[in-house]
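Heads up, the thing below is written out as structure tokens.
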Amino acid sequence: MRHFTSIKQLGNIKEALEAAKYVKANPFADKALGQDKTALLVFFNNSLRTRLSTQKAALNLGMNVMVLDVNQGAWKLETERGVVMDGDKSEHLLEAIPVMGSYADVIGVRSFAQFKSKEDDYNEVILNQFIKYSGKPVFSMEAATRHPLQTFADLLTIEEHKKTARPKVVMTWAPHPKALPQAVPNSFAEGLLMTDYDFVIANPEGYDLAPEFTKGARITHNQDEALEGADFVYAKNWASYEHYGQVLSKDMSWTVTTEKMALTNNAFFLHCLPVRRNMIVSDDVIESPQSLVIPEAANRVVSAQTVLKMILQDL
């Protein structure tokens with residue numbers, strides 16, 4: 001695998017999950033694979049789990065790791081072509097990227113949707129510039145439209161905890177005070193549709209995701225109906241795709257509470273974190289024995305390490 005920007009690039013999802021299970025059981029078995037190789041992790045946005053888990057994954061593979069926070073300690077970067085650089089941005093991404101590529105063997109990039117242009121966000125302008133100009137393998141640590149490392153960890157977590165061969169998995173929208181990108185829900189939908197699970201998306205009207213990510217999923221605007229008999233509940237906020245980047249609703253009746261979870265088949269609760277307690281999910285649900293948010297986060301090391309291993313094997 002040269003680049004990793006979508007869960008689909010893993011190919012057969014059952015085989016990918018078996019590879020992840022091996023990595024989880026044998027975290028240091030491939031240390032020689034990354035010896036004398038350097039991973040550069042470039043962050044345009046904040047991070048806790050992604051930063052730490054990806055660093056840990058690279059170290060488990062014997063790699064050197066460099067972390068660049070673009071917003072702290074680096075020159076401010078211009079990303080638009082053709083602009084007159086007479087403002088506060090001192091360096092253009094088109095020079096910075098090949099320089100970064102000269103220092104690293106593999107580059108991870110984290111760059112969220114900016115909500116200035118749906119076209120730019122959905123064309124993944126920043127991520128694709130790294131792929132085009134770095135000359136090195138590039139993997140996404142969350143981009144404008146997808147978060148494939150998170151989705152891979154989510155699928156592994158479901159696989160480890162499912163009680164039936166074909167569980168019902170519900171991804172439900174939940175309220176949030178700010179406009180959040182669609183990357184996590186897009187990617188989760190894309191990943192779940194690679195499985196044979198019973199997959200349902202619940203969101204208010206005006207919050208349907210881009211059809212390219214949800215084709216084949218059942219979509220409902222009735223949360224209670226969706227939750228009936230669910231084995232896993234994945235709660236996540238996202239801003240409107242149709243009215244791009246807008247917050248159309250903060251309807252607190254969509255918060256995942258004990259009463260909502262009572263509609264399920266004693267479902268496990270999932271969330272990518274960080275989470276706004278008592279907006280996305282109530283305290284009692286996220287602290288319950290059915291909450292998998294911590295093992296889900298721990299699996300981020302496994303998903304990153306499995307992907308990095310695949311990239312290193314093809315160098």
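Chains: A, B, ... in order of the structure tokens. Residues: from 1 per chain. Ligands: from 1, in order shown.
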For Glu80 of chain A, work out the shell of residues within 9 Å, counting only C-alpha atoms and skipping chain neighbours fewer than 2 positions away, then give it as an mmCIF file with C-alpha atoms, in the first residue's frame.
```
data_model
loop_
_atom_site.group_PDB
_atom_site.id
_atom_site.type_symbol
_atom_site.label_atom_id
_atom_site.label_comp_id
_atom_site.auth_asym_id
_atom_site.auth_seq_id
_atom_site.Cartn_x
_atom_site.Cartn_y
_atom_site.Cartn_z
ATOM 1 C CA GLU A 78 -0.020 29.510 2.746
ATOM 2 C CA GLY A 82 -1.713 32.270 -6.946
ATOM 3 C CA VAL A 83 -2.043 34.494 -3.888
ATOM 4 C CA HIS A 92 4.032 28.214 0.893
ATOM 5 C CA LEU A 93 2.937 24.635 1.305
#
```
Write out as JSON, numbers by chain the residues lying within 9 Å of Lys76 of chain A, counting only C-alpha atoms and excluding same-chain residues fewer than 6 positions away. {"A": [70, 88, 89, 90, 91, 92]}
Measuring between only C-alpha atoms, which one of A:Ala239, A:Met100, A:Leu193, A:Val170 shows the shortest distance to Gln223 of chain A?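 Smallest distance to Gln223 of chain A is found for A:Val170.
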Shell of 7 Å around segment 156-165 of chain A, only C-alpha atoms, local chain residues under 2 positions omitted, as a count of residues only: 6
Please identify every residue of segment 183-295 of chain A that has at least one atom no farther than 8 Å from an atom of segment 1-12 of chain A, counting only C-alpha atoms, and for each give the shortest atom pair and the distance in Å to one decimal, arranged by chain then increasing number, as CSV.
```
residue,atom,partner,partner_atom,distance
A:Ser187,CA,A:Ile7,CA,7.3
A:Glu190,CA,A:Ile7,CA,7.3
A:Gly191,CA,A:Ile7,CA,6.1
A:Met194,CA,A:Lys8,CA,7.8
```
If you run DSSP over the backbone, which residues in segment 169-279 of chain A end up alpha helix (DSSP H)? Put them as a ChimeraX atom specification. /A:183-192,211-214,223-227,258-261
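Compared by their closest atoms to Thr50 of chain A, and using only C-alpha atoms, the residues A:Asp314, A:Asp231, A:Glu119, A:Glu142 rank with A:Glu142 nearest.
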Atom CA of Trp238 of chain A to atom CA of Val67 of chain A: how many Å, to one decimal?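 If I compute the distance from atom CA of Trp238 of chain A to atom CA of Val67 of chain A, I get 27.9 Å.
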Quick one: pull the distance between atom CA of Ala217 of chain A and atom CA of Lys168 of chain A, Å, one decimal. 11.9 Å
